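**Student:** My structure is stored as protein_21.txt, with compact mmCIF, C-alpha atoms and all ligand atoms.
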# COMPACT_ATOMS: atom_id res chain seq x y z
CA MET A 868 0.00 0.00 0.00
CA THR A 869 1.28 3.44 -0.78
CA PHE A 870 -0.01 6.75 0.47
CA SER A 871 1.14 8.58 -2.61
CA LYS A 872 -1.97 8.99 -4.76
CA GLY A 873 -2.36 12.48 -6.15
CA ARG A 874 -5.37 14.30 -4.76
CA ARG A 875 -7.82 15.37 -7.42
CA SER A 876 -9.50 18.69 -6.93
CA ILE A 877 -13.15 17.86 -6.54
CA THR A 878 -15.44 20.51 -5.14
CA ALA A 879 -18.39 19.41 -3.07
CA SER A 880 -21.64 20.69 -4.54
CA ASN A 881 -24.26 22.26 -2.29
CA ASP A 882 -27.27 20.36 -1.01
CA GLN A 883 -30.07 22.79 -0.22
CA ARG A 884 -31.62 20.50 2.43
CA ALA A 885 -29.29 21.38 5.27
CA GLY A 886 -26.58 23.30 3.57
CA LEU A 887 -24.60 20.05 3.51
CA GLY A 888 -21.98 19.41 0.88
CA GLN A 889 -22.37 16.35 -1.30
CA VAL A 890 -19.96 14.80 -3.75
CA SER A 891 -21.34 12.63 -6.57
CA LEU A 892 -20.01 9.07 -6.38
CA GLY A 893 -22.81 6.98 -7.91
CA SER A 894 -25.54 6.70 -10.56
CA TRP A 895 -28.91 8.21 -9.61
CA PRO A 896 -31.75 7.51 -9.32
CA THR A 897 -31.37 3.78 -8.86
CA PRO A 898 -34.07 1.78 -10.64
CA VAL A 899 -37.18 0.27 -9.08
CA GLU A 900 -38.23 -3.06 -10.56
CA ALA A 901 -41.46 -5.02 -10.27
CA ALA A 902 -41.06 -8.45 -8.66
CA PRO A 903 -44.30 -10.32 -9.47
CA ARG A 904 -42.93 -13.86 -9.17
CA LEU A 905 -41.26 -13.16 -5.85
CA ALA A 906 -44.49 -11.46 -4.69
CA ALA A 907 -46.50 -14.59 -5.48
CA ARG A 908 -43.91 -16.73 -3.69
CA LEU A 909 -44.21 -14.57 -0.54
CA GLY A 910 -48.02 -14.32 -0.60
CA ILE A 911 -48.18 -10.72 -1.85
CA LYS A 912 -50.41 -9.74 -4.78
CA PRO A 913 -48.26 -9.76 -7.95
CA GLY A 914 -48.00 -6.07 -8.86
CA SER A 915 -47.71 -4.97 -5.23
CA LEU A 916 -44.02 -5.81 -4.68
CA TRP A 917 -41.13 -3.71 -5.96
CA ILE A 918 -37.37 -3.91 -5.51
CA LYS A 919 -35.36 -0.70 -5.14
CA ARG A 920 -32.03 -1.57 -6.77
CA ASP A 921 -29.60 0.16 -4.44
CA ASP A 922 -27.23 -2.70 -5.21
CA LEU A 923 -26.78 -0.81 -8.51
CA THR A 924 -25.41 2.45 -7.12
CA GLY A 925 -22.39 2.17 -9.40
CA LEU A 926 -19.19 2.75 -7.46
CA GLY A 927 -16.97 -0.17 -6.36
CA ALA A 928 -19.50 -2.95 -7.11
CA GLY A 929 -22.35 -0.91 -5.60
CA GLY A 930 -24.46 -0.98 -2.46
CA ASN A 931 -26.14 1.31 0.06
CA LYS A 932 -22.96 2.77 1.52
CA VAL A 933 -22.33 4.87 -1.60
CA ARG A 934 -25.20 7.20 -0.72
CA LYS A 935 -23.79 7.88 2.76
CA LEU A 936 -20.25 8.32 1.45
CA GLN A 937 -21.47 11.12 -0.83
CA TYR A 938 -22.01 13.19 2.32
CA THR A 939 -19.21 11.95 4.59
CA CYS A 940 -16.62 12.25 1.79
CA ALA A 941 -17.75 15.79 0.98
CA ALA A 942 -16.92 16.69 4.59
CA ALA A 943 -13.55 14.93 4.22
CA LEU A 944 -12.74 17.04 1.15
CA ASP A 945 -13.83 20.21 2.93
CA ASN A 946 -11.52 19.31 5.80
CA GLY A 947 -8.59 18.87 3.41
CA ALA A 948 -8.25 15.13 4.10
CA THR A 949 -5.60 13.09 2.33
CA THR A 950 -6.55 9.76 3.93
CA LEU A 951 -9.85 8.10 4.80
CA VAL A 952 -9.84 5.75 7.78
CA THR A 953 -12.78 3.51 8.66
CA SER A 954 -13.54 0.24 10.42
CA GLY A 955 -15.75 -2.78 10.06
CA ALA A 956 -16.16 -6.53 10.11
CA ALA A 957 -13.72 -8.58 8.03
CA GLN A 958 -16.22 -8.73 5.14
CA SER A 959 -17.50 -5.17 5.56
CA ASN A 960 -19.19 -3.79 2.44
CA HIS A 961 -18.78 -0.32 3.90
CA ALA A 962 -15.00 -0.81 4.09
CA ARG A 963 -14.87 -1.88 0.44
CA LEU A 964 -16.92 1.10 -0.68
CA THR A 965 -14.90 3.55 1.42
CA ALA A 966 -11.80 2.20 -0.34
CA ALA A 967 -13.52 2.70 -3.71
CA ALA A 968 -14.62 6.25 -2.81
CA ALA A 969 -11.05 7.09 -1.78
CA CYS A 970 -9.81 5.94 -5.19
CA ARG A 971 -12.48 7.99 -6.98
CA LEU A 972 -11.49 11.09 -4.98
CA GLY A 973 -7.73 10.63 -5.20
CA LEU A 974 -7.39 9.93 -1.47
CA ASP A 975 -5.64 7.14 0.43
CA CYS A 976 -7.55 4.66 2.52
CA CYS A 977 -6.79 2.66 5.64
CA LEU A 978 -9.26 0.04 6.91
CA VAL A 979 -9.23 -1.23 10.49
CA LEU A 980 -10.98 -4.60 10.39
CA ALA A 981 -12.03 -7.00 13.14
CA GLY A 982 -10.46 -10.44 12.95
CA GLN A 983 -7.26 -11.87 11.49
CA ALA A 984 -5.87 -11.70 7.97
CA PRO A 985 -7.02 -14.76 6.00
CA LEU A 986 -4.49 -16.82 4.05
CA VAL A 987 -6.14 -15.80 0.79
CA PRO A 988 -8.21 -12.57 0.66
CA ASP A 989 -11.68 -13.32 -0.69
CA GLY A 990 -14.96 -11.44 -1.17
CA ASN A 991 -14.70 -7.79 -0.12
CA LEU A 992 -11.08 -8.31 0.98
CA ALA A 993 -10.03 -9.25 -2.54
CA LEU A 994 -11.62 -6.06 -3.88
CA GLU A 995 -10.01 -3.94 -1.16
CA ALA A 996 -6.61 -5.33 -2.20
CA LEU A 997 -7.42 -4.42 -5.79
CA LEU A 998 -8.38 -0.91 -4.69
CA GLY A 999 -5.06 -0.49 -2.89
CA ALA A 1000 -6.44 0.00 0.63
CA GLN A 1001 -4.14 -0.54 3.60
CA ILE A 1002 -5.67 -3.04 6.04
CA VAL A 1003 -4.91 -3.13 9.76
CA TRP A 1004 -6.19 -6.30 11.45
CA ALA A 1005 -7.51 -5.62 14.96
CA GLY A 1006 -8.02 -9.25 16.10
CA ASP A 1007 -11.16 -10.48 17.84
CA VAL A 1008 -12.28 -7.20 19.39
CA LYS A 1009 -15.54 -5.64 20.54
CA ASP A 1010 -16.91 -2.44 18.95
CA ASP A 1011 -15.38 -0.05 21.50
CA GLU A 1012 -11.94 -1.66 21.13
CA LEU A 1013 -12.23 -1.37 17.34
CA GLY A 1014 -12.93 2.35 17.87
CA ARG A 1015 -9.77 2.66 19.98
CA ARG A 1016 -7.74 0.95 17.25
CA VAL A 1017 -9.13 3.46 14.74
CA ASP A 1018 -7.99 6.30 17.02
CA ALA A 1019 -4.51 4.77 17.35
CA VAL A 1020 -4.13 4.22 13.60
CA SER A 1021 -5.37 7.76 12.89
CA CYS A 1022 -2.78 9.12 15.31
CA GLU A 1023 0.02 7.17 13.60
CA LEU A 1024 -1.05 8.42 10.16
CA THR A 1025 -1.31 12.00 11.41
CA ASN A 1026 2.18 11.76 12.91
CA ALA A 1027 3.35 10.53 9.50
CA GLY A 1028 2.02 13.76 7.94
CA LYS A 1029 -1.37 12.59 6.64
CA ARG A 1030 -4.61 14.55 7.09
CA VAL A 1031 -6.99 11.89 8.34
CA GLU A 1032 -10.78 11.85 8.09
CA VAL A 1033 -12.44 9.07 10.07
CA ILE A 1034 -15.57 7.78 8.36
CA PRO A 1035 -17.82 6.26 11.07
CA PHE A 1036 -18.46 2.52 11.38
CA GLY A 1037 -20.95 1.55 8.67
CA GLY A 1038 -20.93 5.14 7.41
CA SER A 1039 -23.71 5.82 9.91
CA ASN A 1040 -23.95 9.25 11.45
CA VAL A 1041 -26.37 12.13 10.99
CA ARG A 1042 -24.50 13.38 7.93
CA GLY A 1043 -24.35 9.96 6.25
CA ALA A 1044 -28.05 9.35 6.92
CA HIS A 1045 -28.85 12.20 4.50
CA GLY A 1046 -27.95 9.76 1.73
CA TYR A 1047 -31.02 7.75 2.60
CA ILE A 1048 -33.20 10.83 2.82
CA ASP A 1049 -32.28 11.17 -0.86
CA CYS A 1050 -33.30 7.54 -1.44
CA GLY A 1051 -36.62 8.13 0.33
CA HIS A 1052 -37.35 11.09 -1.95
CA GLU A 1053 -36.51 8.98 -5.01
CA LEU A 1054 -38.93 6.30 -3.78
CA ARG A 1055 -41.75 8.81 -3.22
CA ALA A 1056 -41.44 9.86 -6.86
CA GLN A 1057 -41.00 6.34 -8.25
CA ILE A 1058 -43.76 4.54 -6.26
CA PRO A 1059 -46.28 7.20 -5.13
CA GLY A 1060 -48.62 4.75 -3.30
CA LEU A 1061 -45.97 2.92 -1.31
CA ARG A 1062 -47.13 1.58 2.03
CA HIS A 1063 -44.09 -0.36 3.31
CA VAL A 1064 -40.36 -0.01 2.66
CA VAL A 1065 -38.44 -3.02 3.96
CA VAL A 1066 -34.71 -2.64 4.56
CA ALA A 1067 -31.81 -4.42 6.26
CA VAL A 1068 -30.39 -2.76 9.38
CA GLY A 1069 -26.73 -2.91 10.43
CA SER A 1070 -25.36 0.33 11.85
CA GLY A 1071 -28.75 2.02 11.23
CA GLY A 1072 -28.02 5.03 9.01
CA THR A 1073 -29.96 3.60 6.07
CA MET A 1074 -33.11 3.10 8.11
CA ALA A 1075 -32.69 6.48 9.82
CA GLY A 1076 -32.60 8.32 6.49
CA LEU A 1077 -35.60 6.42 5.13
CA VAL A 1078 -37.60 7.13 8.31
CA ALA A 1079 -36.71 10.81 8.03
CA ALA A 1080 -37.94 10.95 4.43
CA LEU A 1081 -40.94 8.63 4.59
CA GLY A 1082 -42.07 8.63 8.23
CA PRO A 1083 -41.71 5.86 10.81
CA GLU A 1084 -44.94 4.01 9.89
CA ARG A 1085 -43.80 3.18 6.41
CA VAL A 1086 -40.31 1.84 7.11
CA LEU A 1087 -39.79 -1.71 8.37
CA GLY A 1088 -36.19 -2.36 9.40
CA ILE A 1089 -34.88 -5.91 9.71
CA ASP A 1090 -31.98 -6.09 12.14
CA ALA A 1091 -29.07 -8.22 10.89
CA GLY A 1092 -27.50 -8.23 14.37
CA ALA A 1093 -24.40 -6.12 13.65
CA MET A 1094 -24.80 -3.88 16.74
CA PRO A 1095 -26.58 -4.63 20.02
CA ASP A 1096 -27.86 -1.06 20.51
CA VAL A 1097 -28.92 -0.24 16.97
CA ALA A 1098 -32.41 1.01 17.92
CA ASP A 1099 -30.82 3.62 20.23
CA ARG A 1100 -28.35 4.57 17.52
CA ILE A 1101 -31.15 5.09 15.00
CA GLY A 1102 -33.04 7.15 17.59
CA GLY A 1103 -29.93 9.30 18.09
CA MET A 1104 -29.55 9.91 14.34
CA LEU A 1105 -33.26 10.79 14.04
CA GLY A 1106 -32.88 13.27 16.90
CA GLY A 1107 -29.93 14.85 15.08
CA LEU A 1108 -31.84 15.02 11.77
CA ALA A 1109 -34.84 16.60 13.51
CA ALA A 1110 -32.55 19.15 15.19
CA GLN A 1111 -31.27 20.11 11.72
CA GLY A 1112 -34.86 20.53 10.48
CA ALA A 1113 -34.46 17.58 8.10
CA MET A 1114 -37.55 15.82 9.55
CA PRO A 1115 -40.41 16.59 11.95
CA LEU A 1116 -39.45 16.17 15.62
CA ALA A 1117 -42.72 14.25 16.19
CA HIS A 1118 -41.60 11.57 13.69
CA ALA A 1119 -38.23 11.27 15.40
CA ARG A 1120 -40.02 10.45 18.67
CA GLN A 1121 -42.41 7.82 17.30
CA PRO A 1122 -41.64 4.12 17.82
CA LEU A 1123 -39.65 2.41 15.08
CA ARG A 1124 -40.80 -0.66 13.19
CA LEU A 1125 -37.70 -2.75 13.78
CA ARG A 1126 -37.74 -6.57 13.78
CA SER A 1127 -34.96 -8.52 15.43
CA ASP A 1128 -36.43 -11.98 14.87
CA GLN A 1129 -34.27 -12.78 11.82
CA ILE A 1130 -30.82 -12.52 13.44
CA GLY A 1131 -30.76 -16.23 14.38
CA PRO A 1132 -27.53 -17.45 16.02
CA GLY A 1133 -25.79 -14.16 15.27
CA TYR A 1134 -24.47 -11.55 12.87
CA GLY A 1135 -23.26 -13.11 9.63
CA VAL A 1136 -24.67 -16.56 10.42
CA LEU A 1137 -26.99 -17.71 7.66
CA THR A 1138 -30.35 -18.89 8.99
CA ARG A 1139 -32.54 -21.39 7.16
CA GLN A 1140 -35.06 -18.60 6.49
CA ALA A 1141 -32.37 -16.34 5.03
CA ARG A 1142 -31.08 -19.18 2.90
CA ASP A 1143 -34.64 -19.69 1.58
CA ALA A 1144 -34.86 -15.95 0.87
CA LEU A 1145 -31.61 -16.06 -1.11
CA VAL A 1146 -32.94 -18.95 -3.16
CA ASP A 1147 -36.35 -17.31 -3.65
CA ALA A 1148 -34.91 -13.98 -4.88
CA GLY A 1149 -32.53 -15.80 -7.19
CA GLN A 1150 -34.95 -18.34 -8.62
CA CYS A 1151 -38.04 -16.09 -8.84
CA GLU A 1152 -36.43 -12.88 -10.16
CA GLY A 1153 -32.79 -13.65 -11.02
CA ILE A 1154 -31.74 -11.24 -8.25
CA ILE A 1155 -28.80 -12.19 -6.05
CA LEU A 1156 -28.97 -11.17 -2.40
CA ASP A 1157 -26.15 -11.32 0.15
CA PRO A 1158 -26.20 -13.75 3.09
CA VAL A 1159 -25.50 -11.19 5.87
CA TYR A 1160 -27.99 -8.35 5.28
CA THR A 1161 -30.37 -8.56 2.35
CA ALA A 1162 -31.24 -12.26 2.73
CA LYS A 1163 -32.25 -11.58 6.34
CA ALA A 1164 -34.18 -8.50 5.22
CA LEU A 1165 -36.16 -10.56 2.72
CA SER A 1166 -36.80 -13.31 5.28
CA GLY A 1167 -38.05 -10.50 7.56
CA LEU A 1168 -40.41 -9.34 4.81
CA ALA A 1169 -41.68 -12.95 4.49
CA ALA A 1170 -42.20 -13.08 8.28
CA ALA A 1171 -44.09 -9.76 8.18
CA VAL A 1172 -46.43 -11.12 5.49
CA ALA A 1173 -46.90 -14.34 7.46
CA ASP A 1174 -47.86 -12.50 10.68
CA GLY A 1175 -50.11 -9.98 8.90
CA SER A 1176 -48.02 -6.82 9.52
CA ILE A 1177 -47.77 -6.55 5.72
CA SER A 1178 -51.00 -7.42 3.88
CA ARG A 1179 -51.26 -9.09 0.52
CA ASP A 1180 -52.49 -5.91 -1.22
CA ASP A 1181 -50.10 -3.42 0.44
CA CYS A 1182 -47.76 -1.70 -2.01
CA THR A 1183 -44.37 -2.83 -0.69
CA VAL A 1184 -40.81 -1.91 -1.66
CA PHE A 1185 -37.89 -4.16 -0.73
CA VAL A 1186 -34.65 -2.16 -0.71
CA HIS A 1187 -31.80 -4.24 -2.15
CA THR A 1188 -28.83 -2.69 -0.36
CA GLY A 1189 -26.15 -4.71 -2.18
CA GLY A 1190 -23.47 -6.84 -0.55
CA LEU A 1191 -22.85 -9.25 -3.42
CA PRO A 1192 -19.03 -9.32 -2.93
CA GLY A 1193 -19.62 -10.60 0.61
CA LEU A 1194 -21.29 -13.70 -0.84
CA PHE A 1195 -17.90 -14.69 -2.25
CA GLY A 1196 -16.33 -14.44 1.21
CA HIS A 1197 -19.03 -16.38 3.07
CA ASP A 1198 -19.05 -20.03 4.14
CA PHE A 1199 -22.44 -20.31 2.47
CA LEU A 1200 -20.78 -20.70 -0.92
CA ARG A 1201 -18.62 -23.55 0.31
CA ASP A 1202 -21.75 -25.21 1.73
CA LEU A 1203 -23.88 -24.64 -1.35
CA GLN A 1204 -24.16 -28.40 -2.04
CA ARG A 1205 -26.05 -28.76 1.23
CA TYR A 1206 -28.74 -26.35 0.07
CA PRO A 1207 -30.81 -27.92 -2.70
CA PRO A 1208 -33.34 -25.60 -4.39
CA SER A 1209 -36.45 -25.19 -2.28
CA ILE A 1210 -38.86 -24.30 -5.09
C1 LIG A 1301 -25.35 -4.90 2.01
C2 LIG A 1301 -25.76 -4.13 3.21
N1 LIG A 1301 -27.06 -3.94 3.44
C3 LIG A 1301 -27.49 -3.25 4.51
C4 LIG A 1301 -26.60 -2.75 5.43
C5 LIG A 1301 -27.14 -2.00 6.62
O1 LIG A 1301 -26.98 -0.63 6.47
P1 LIG A 1301 -26.82 0.29 7.75
O2 LIG A 1301 -25.45 0.02 8.31
O3 LIG A 1301 -27.00 1.65 7.27
O4 LIG A 1301 -27.87 -0.12 8.72
C6 LIG A 1301 -25.23 -2.93 5.25
C7 LIG A 1301 -24.27 -2.44 6.26
O5 LIG A 1301 -23.13 -2.74 6.27
C8 LIG A 1301 -24.79 -3.63 4.10
O6 LIG A 1301 -23.47 -3.83 3.86
Would you write out, as structure tokens, the structure that this file holds?
**Tutor:**
Amino acid sequence: MTFSKGRRSITASNDQRAGLGQVSLGSWPTPVEAAPRLAARLGIKPGSLWIKRDDLTGLGAGGNKVRKLQYTCAAALDNGATTLVTSGAAQSNHARLTAAAACRLGLDCCLVLAGQAPLVPDGNLALEALLGAQIVWAGDVKDDELGRRVDAVSCELTNAGKRVEVIPFGGSNVRGAHGYIDCGHELRAQIPGLRHVVVAVGSGGTMAGLVAALGPERVLGIDAGAMPDVADRIGGMLGGLAAQGAMPLAHARQPLRLRSDQIGPGYGVLTRQARDALVDAGQCEGIILDPVYTAKALSGLAAAVADGSISRDDCTVFVHTGGLPGLFGHDFLRDLQRYPPSI
């Protein structure tokens, strides 16, 4: 890894919403596609289920983190950063996309990842190597220890003459959540009668932005189990967005629709229901989900239909937040023979 990339001069454009800078990193708006065969499979009226293709955001193999990085990277440029530092799980999609954003902006990137270096980098790690990111392995650490490692690495880089911008874990803070306010506005225009938006939840910024744009009744978050206190974190981001005037304070105080019944044995562990969801999305619509987030989100949608919280006729959007590279770093692929088609 070198820290010698030339910095391109990219000026953040102005977002009227909160006077926030934004730098364009993706392709917008992402498409919305009908999913009639998947709808029938889940017990929804064909014609009432749509998929928002935020796996097709463009940069670095795509995914939801690109929208947040448009805001957090604009701040990095404003601050004169030369190096982006962020953290995540070993197969973090956010880490891969931060590395890709750094390349696009002519910045260096250092990723502090939980776990140990594998013998052969696969999935997101292979792409991070391709993108030239420096990786610091933090070992088997808890979230707060990972944060301390980020601070230590940032200090070392600063002492070496770099101007460091720390992008938060998962890209989730008030600023990053504005990316999903943008997505919510796109959805309003694309599917005017939408009743439910179903989305995977990790660090919570995606759900927070959607709630800010669409209101808490319409957004159903499916917790993938990445953080124990994610509901509080989302509440904190909503409070910050309301304080900026980006959403009504009353909405920020309403209860969230957040399901935690799809986590199973833990974060990253594929449940039978999530495996079925992967197979259903693939075999009904030719759409590939990831085993950590979007498969659990779709199994959460199936559970919501089964228990009546989503009705057959309700206009429903499933947000595909990406994560495909993670599939190629997950045990699931090695175990594929054990999972015969269920249709
Ligand atoms: C593919 C994918 N979907 C959904 C999420 C959840 O997004 P958030 O962290 O904003 O809750 C993540 C987070 O890493 C992700 O990588």
**Student:** Might you pull out every residue within 6 Å of segment 922-933 of chain A, with all atoms listed in the file counted and same-chain residues fewer than 4 positions away left off, and present them as a PyMOL selection string?
**Tutor:** chain A and resi 893-894+961+964+967+1187-1189
**Student:** Could the residues that lie within 9 Å of ligand LIG 1301 (chain A), counting only C-alpha atoms and all ligand atoms, be listed as a PyMOL selection string?
**Tutor:** chain A and resi 922+930-932+935+955-956+958-962+1036-1039+1043-1044+1047+1066-1076+1088+1090-1091+1093+1097+1101+1156-1161+1164+1186-1191+1193
**Student:** Taking into account only C-alpha atoms, which residue in the set A:Gln1129, A:Thr1138, A:Thr1025, A:Gln1057 is nearest to Ala1169 of chain A?
**Tutor:** A:Gln1129
**Student:** Please indicate the distance in Å from atom CA of Ser1176 of chain A to atom CA of Leu916 of chain A, rounded to one decimal place.
**Tutor:**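 These atoms are spaced 14.8 Å apart.
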**Student:** Please, what distance in Å, to one decimal, runs between atom CA of Gly1135 of chain A and atom CA of Asp1010 of chain A?
**Tutor:**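 The value is 15.5 Å.
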**Student:** Taking (-39.2, -12.3, 9.8) as a centre in this file's frame and 12 Å as the limit, can you find every polymer residue with an atom that close, using only C-alpha atoms, and give them as JSON, numbers by chain?
**Tutor:** {"A": [909, 1065, 1066, 1067, 1087, 1088, 1089, 1090, 1091, 1125, 1126, 1127, 1128, 1129, 1130, 1131, 1138, 1139, 1140, 1141, 1143, 1144, 1162, 1163, 1164, 1165, 1166, 1167, 1168, 1169, 1170, 1171, 1172, 1173, 1174, 1175, 1176, 1177]}
**Student:** What does the distance between atom CA of Arg1085 of chain A and atom CA of Leu1137 of chain A come to in Å, to one decimal place?
**Tutor:** 26.8 Å
**Student:** Name the closest residue to Gly990 of chain A among the candidates A:Ser1021, A:Asn946, A:Arg908, A:Gly1196; distances are taken between atoms, counting all atoms listed in the file.
**Tutor:** A:Gly1196
**Student:** Skip Ala1109 of chain A itself and residues of its chain fewer than 6 positions away, then list as a list in words all residues within 10 Å of it, counting all atoms listed in the file.
**Tutor:** Val1041, Ala1079, Gly1103, Pro1115, Leu1116, Ala1117, His1118, Ala1119 and Arg1120 of chain A
**Student:** Would you pick out the contacts of Val1033 of chain A at 12 Å or less, using all atoms listed in the file, so that residues sharing its chain but fewer than 6 positions from it are not included, and give the list as a PDB file with C-alpha atoms, in the frame of the given file?
**Tutor:**
ATOM      1  CA  LEU A 936     -20.250   8.320   1.450  1.00  0.00           C
ATOM      2  CA  THR A 939     -19.210  11.950   4.590  1.00  0.00           C
ATOM      3  CA  CYS A 940     -16.620  12.250   1.790  1.00  0.00           C
ATOM      4  CA  ALA A 942     -16.920  16.690   4.590  1.00  0.00           C
ATOM      5  CA  ALA A 943     -13.550  14.930   4.220  1.00  0.00           C
ATOM      6  CA  LEU A 944     -12.740  17.040   1.150  1.00  0.00           C
ATOM      7  CA  ASN A 946     -11.520  19.310   5.800  1.00  0.00           C
ATOM      8  CA  ALA A 948      -8.250  15.130   4.100  1.00  0.00           C
ATOM      9  CA  THR A 949      -5.600  13.090   2.330  1.00  0.00           C
ATOM     10  CA  THR A 950      -6.550   9.760   3.930  1.00  0.00           C
ATOM     11  CA  LEU A 951      -9.850   8.100   4.800  1.00  0.00           C
ATOM     12  CA  VAL A 952      -9.840   5.750   7.780  1.00  0.00           C
ATOM     13  CA  THR A 953     -12.780   3.510   8.660  1.00  0.00           C
ATOM     14  CA  SER A 954     -13.540   0.240  10.420  1.00  0.00           C
ATOM     15  CA  ALA A 962     -15.000  -0.810   4.090  1.00  0.00           C
ATOM     16  CA  THR A 965     -14.900   3.550   1.420  1.00  0.00           C
ATOM     17  CA  ASP A 975      -5.640   7.140   0.430  1.00  0.00           C
ATOM     18  CA  CYS A 976      -7.550   4.660   2.520  1.00  0.00           C
ATOM     19  CA  CYS A 977      -6.790   2.660   5.640  1.00  0.00           C
ATOM     20  CA  LEU A 978      -9.260   0.040   6.910  1.00  0.00           C
ATOM     21  CA  VAL A 979      -9.230  -1.230  10.490  1.00  0.00           C
ATOM     22  CA  GLY A1014     -12.930   2.350  17.870  1.00  0.00           C
ATOM     23  CA  ARG A1016      -7.740   0.950  17.250  1.00  0.00           C
ATOM     24  CA  VAL A1017      -9.130   3.460  14.740  1.00  0.00           C
ATOM     25  CA  ASP A1018      -7.990   6.300  17.020  1.00  0.00           C
ATOM     26  CA  ALA A1019      -4.510   4.770  17.350  1.00  0.00           C
ATOM     27  CA  VAL A1020      -4.130   4.220  13.600  1.00  0.00           C
ATOM     28  CA  SER A1021      -5.370   7.760  12.890  1.00  0.00           C
ATOM     29  CA  CYS A1022      -2.780   9.120  15.310  1.00  0.00           C
ATOM     30  CA  LEU A1024      -1.050   8.420  10.160  1.00  0.00           C
ATOM     31  CA  THR A1025      -1.310  12.000  11.410  1.00  0.00           C
ATOM     32  CA  SER A1039     -23.710   5.820   9.910  1.00  0.00           C
ATOM     33  CA  ASN A1040     -23.950   9.250  11.450  1.00  0.00           C
TER      34      ASN A1040
END
**Student:** With distances taken over all atoms listed in the file, which residue among A:Ala984, A:Leu1013, A:Ala1056, A:Cys970 lies nearest Pro898 of chain A?
**Tutor:**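 Of all the options, A:Ala1056 lies closest to Pro898 of chain A.
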**Student:** So which one's closest to Leu1200 of chain A, A:Glu1012, A:Asp945, A:Asp921, A:Asp989? Using only C-alpha atoms, please.
**Tutor:**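 Residue with the minimum atom-to-atom distance to Leu1200 of chain A: A:Asp989.
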**Student:** Could the centre and edge lengths of an axis-aligned box, enclosing all atoms of segment 1165-1170 of chain A in the file with 5 Å extra on each side, be given in Å to one decimal as lines of an AutoDock Vina configuration file?
**Tutor:**
center_x = -39.2
center_y = -11.3
center_z = 5.5
size_x = 16.0
size_y = 14.0
size_z = 15.6
**Student:** Rank nothing, just name the residue among A:Ala993, A:Val899, A:Leu986, A:Ala1005 nearest to Glu1053 of chain A, using all atoms listed in the file.
**Tutor:** A:Val899
**Student:** Counting only C-alpha atoms, which of A:Ala1000, A:Leu1081, A:Ala1110, A:Leu1194 gets nearest to Ile1155 of chain A?
**Tutor:**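 For Ile1155 of chain A, the nearest of the given residues is A:Leu1194.
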**Student:** Around (-46.7, -0.1, 0.3), as given in the file, which residues come within 12 Å? Count all atoms listed in the file and list them as number ranges by chain.
**Tutor:** A: 911-912, 914-918, 1054-1055, 1058-1065, 1081, 1084-1087, 1176-1185
